Amino acid sequence: MQATATVLVYSDDANIREQVKLAAGRRPAADVPPVQFLECATLPAVLAALDGGGIDVCVLDGETAPIGGMGVCRQIKDEIFHCPPVLLLIGRPQDAWLATWSRAEAAVTLPVDPVEFADALAALLRARLAVEA
């Protein structure tokens, strides 16, 4: 198992970024490595981080303005070679079809439920680390 996993968190709202970090904790599940977070509030910061490599999972806030996480997800899936899996934060359960359209691997609703979020993040980390192994 690798030493740590890097999780990119994209939201223009610092409170959402904090909710994500608190929900995941230091380690979202016993069988995944501890996580470190890279916070981004703008699309250029997300693209620069992904170009730099080393990101294991992206958590994108679908409610971010002016460029929402769904549009960002679709863009990075088209533009980033070996794009990391994406966990999309959506405003309501009925928006799950938009998460599918954006090609996100998983989606959870806001406000962040710690158990649901940690389970979804751990599943994406397991899948990512299995591919890299």
# chains A, B, ... in the order shown; residues from 1 in each chain; ligands from 1

call {"tool": "select_by_dssp", "arguments": {"residues": "stretch 14-121 of chain A", "states": "strand (DSSP E or B)", "output": "PDB file with C-alpha atoms, in the first residue's frame"}}
result
ATOM      1  CA  VAL A  35      -5.157  10.896   2.734  1.00  0.00           C
ATOM      2  CA  GLN A  36      -3.688  14.304   2.205  1.00  0.00           C
ATOM      3  CA  PHE A  37      -5.774  17.051   0.658  1.00  0.00           C
ATOM      4  CA  LEU A  38      -5.011  19.542  -2.068  1.00  0.00           C
ATOM      5  CA  GLU A  39      -7.591  22.324  -1.988  1.00  0.00           C
ATOM      6  CA  CYS A  40      -8.482  24.256  -5.146  1.00  0.00           C
ATOM      7  CA  VAL A  57      -9.087  11.091  -6.483  1.00  0.00           C
ATOM      8  CA  CYS A  58     -10.847  14.379  -7.299  1.00  0.00           C
ATOM      9  CA  VAL A  59     -13.751  15.641  -5.203  1.00  0.00           C
ATOM     10  CA  LEU A  60     -15.616  18.305  -7.178  1.00  0.00           C
ATOM     11  CA  ASP A  61     -18.387  20.546  -5.855  1.00  0.00           C
ATOM     12  CA  VAL A  86     -14.118  11.800  -9.569  1.00  0.00           C
ATOM     13  CA  LEU A  87     -16.479  12.022  -6.609  1.00  0.00           C
ATOM     14  CA  LEU A  88     -19.046  14.718  -7.357  1.00  0.00           C
ATOM     15  CA  LEU A  89     -20.875  16.669  -4.661  1.00  0.00           C
ATOM     16  CA  ILE A  90     -24.417  17.330  -5.873  1.00  0.00           C
ATOM     17  CA  ALA A 106     -19.506   8.514  -7.795  1.00  0.00           C
ATOM     18  CA  ALA A 107     -21.757  11.219  -6.372  1.00  0.00           C
ATOM     19  CA  VAL A 108     -22.959  12.200  -2.910  1.00  0.00           C
ATOM     20  CA  THR A 109     -25.375  14.926  -1.897  1.00  0.00           C
TER      21      THR A 109
END

call {"tool": "atom_distance", "arguments": {"atom1": "atom CA of A:Tyr10", "atom2": "atom CA of A:Ala30"}}
result
24.8 Å

call {"tool": "residues_around", "arguments": {"residues": "A:Gly68", "least_positions_apart": "5", "cutoff": "10 Å", "atoms": "only C-alpha atoms", "output": "list in words"}}
result
Tyr10, Ser11, Asp12, Thr42, Leu43, Leu60, Asp61, Gly62, Glu63 and Cys73 of chain A

call {"tool": "write_last_selection", "arguments": {"atoms": "C-alpha atoms", "output": "short mmCIF file (atom, residue, chain, number, x, y, z; two decimals), in the first residue's frame"}}
result
data_model
loop_
_atom_site.label_atom_id
_atom_site.label_comp_id
_atom_site.auth_asym_id
_atom_site.auth_seq_id
_atom_site.Cartn_x
_atom_site.Cartn_y
_atom_site.Cartn_z
CA TYR A 10 -12.47 21.68 -5.73
CA SER A 11 -14.98 24.18 -4.34
CA ASP A 12 -15.20 27.94 -4.22
CA THR A 42 -10.55 27.81 -9.24
CA LEU A 43 -10.51 25.81 -12.46
CA LEU A 60 -15.62 18.30 -7.18
CA ASP A 61 -18.39 20.55 -5.86
CA GLY A 62 -21.20 20.64 -8.41
CA GLU A 63 -22.47 23.90 -6.92
CA CYS A 73 -15.55 16.78 -14.41
#

call {"tool": "closest_residue", "arguments": {"among": "A:Ala41, A:Arg126, A:Pro34, A:Glu132", "to": "A:Ala14", "atoms": "only C-alpha atoms"}}
result
A:Ala41

call {"tool": "atom_distance", "arguments": {"atom1": "atom CA of A:Ala48", "atom2": "atom CA of A:Ile76"}}
result
11.3 Å

call {"tool": "residues_around", "arguments": {"residues": "A:Gln19", "least_positions_apart": "3", "cutoff": "12 Å", "atoms": "only C-alpha atoms", "output": "mmCIF file with N, CA and C atoms, in the first residue's frame"}}
result
data_model
loop_
_atom_site.group_PDB
_atom_site.id
_atom_site.type_symbol
_atom_site.label_atom_id
_atom_site.label_comp_id
_atom_site.auth_asym_id
_atom_site.auth_seq_id
_atom_site.Cartn_x
_atom_site.Cartn_y
_atom_site.Cartn_z
ATOM 1 N N VAL A 9 -9.602 18.604 -3.783
ATOM 2 C CA VAL A 9 -10.939 19.067 -3.410
ATOM 3 C C VAL A 9 -11.166 20.417 -4.077
ATOM 4 N N SER A 11 -13.774 23.439 -4.702
ATOM 5 C CA SER A 11 -14.980 24.179 -4.342
ATOM 6 C C SER A 11 -14.576 25.628 -4.112
ATOM 7 N N ASP A 13 -16.188 27.373 -2.068
ATOM 8 C CA ASP A 13 -16.654 27.577 -0.702
ATOM 9 C C ASP A 13 -15.717 26.862 0.272
ATOM 10 N N ALA A 14 -15.020 27.632 1.081
ATOM 11 C CA ALA A 14 -14.087 27.049 2.053
ATOM 12 C C ALA A 14 -14.799 26.131 3.043
ATOM 13 N N ASN A 15 -16.061 26.410 3.356
ATOM 14 C CA ASN A 15 -16.819 25.554 4.273
ATOM 15 C C ASN A 15 -17.052 24.163 3.675
ATOM 16 N N ILE A 16 -17.327 24.096 2.380
ATOM 17 C CA ILE A 16 -17.507 22.797 1.715
ATOM 18 C C ILE A 16 -16.188 22.027 1.735
ATOM 19 N N LEU A 22 -13.199 16.980 6.898
ATOM 20 C CA LEU A 22 -13.675 16.411 8.165
ATOM 21 C C LEU A 22 -14.384 15.079 7.947
ATOM 22 N N ALA A 23 -15.160 14.969 6.870
ATOM 23 C CA ALA A 23 -15.890 13.726 6.592
ATOM 24 C C ALA A 23 -14.933 12.579 6.272
ATOM 25 N N ALA A 24 -13.868 12.878 5.553
ATOM 26 C CA ALA A 24 -12.906 11.833 5.185
ATOM 27 C C ALA A 24 -12.007 11.467 6.355
ATOM 28 N N GLY A 25 -11.707 12.432 7.179
ATOM 29 C CA GLY A 25 -10.767 12.183 8.266
ATOM 30 C C GLY A 25 -9.370 11.940 7.719
ATOM 31 N N VAL A 59 -12.431 15.364 -5.770
ATOM 32 C CA VAL A 59 -13.751 15.641 -5.203
ATOM 33 C C VAL A 59 -14.137 17.011 -5.724
ATOM 34 N N ASP A 61 -17.123 19.980 -6.317
ATOM 35 C CA ASP A 61 -18.387 20.546 -5.855
ATOM 36 C C ASP A 61 -19.204 20.979 -7.065
ATOM 37 N N LEU A 89 -19.946 16.222 -5.696
ATOM 38 C CA LEU A 89 -20.875 16.669 -4.661
ATOM 39 C C LEU A 89 -22.040 17.349 -5.362
ATOM 40 N N LEU A 110 -25.008 17.090 -0.987
ATOM 41 C CA LEU A 110 -24.675 18.090 0.027
ATOM 42 C C LEU A 110 -25.894 18.283 0.919
ATOM 43 N N PRO A 111 -25.764 18.596 2.188
ATOM 44 C CA PRO A 111 -24.503 18.667 2.911
ATOM 45 C C PRO A 111 -23.858 17.289 3.011
ATOM 46 N N VAL A 112 -22.561 17.280 3.200
ATOM 47 C CA VAL A 112 -21.799 16.042 3.203
ATOM 48 C C VAL A 112 -22.175 15.187 4.413
ATOM 49 N N ASP A 113 -22.608 13.952 4.140
ATOM 50 C CA ASP A 113 -22.844 12.969 5.194
ATOM 51 C C ASP A 113 -21.523 12.217 5.382
ATOM 52 N N PRO A 114 -20.918 12.272 6.572
ATOM 53 C CA PRO A 114 -19.590 11.684 6.762
ATOM 54 C C PRO A 114 -19.485 10.200 6.410
ATOM 55 N N PHE A 117 -19.956 9.780 2.535
ATOM 56 C CA PHE A 117 -18.806 10.339 1.838
ATOM 57 C C PHE A 117 -17.569 9.464 2.009
ATOM 58 N N ALA A 118 -17.267 9.067 3.236
ATOM 59 C CA ALA A 118 -16.081 8.242 3.486
ATOM 60 C C ALA A 118 -16.168 6.918 2.731
#

call {"tool": "closest_residue", "arguments": {"among": "A:Ala5, A:Ala99, A:Pro85, A:Thr64", "to": "A:Arg17", "atoms": "only C-alpha atoms"}}
result
A:Thr64

call {"tool": "atom_distance", "arguments": {"atom1": "atom CA of A:Ser102", "atom2": "atom CA of A:Val46"}}
result
16.2 Å

call {"tool": "select_by_dssp", "arguments": {"residues": "chain A", "states": "helix (DSSP H, G or I)", "output": "number ranges by chain"}}
result
A: 14-24, 43-52, 69-79, 93-101, 114-132

call {"tool": "closest_residue", "arguments": {"among": "A:Ala96, A:Cys83, A:Ala3, A:Val32", "to": "A:Ala122", "atoms": "only C-alpha atoms"}}
result
A:Val32
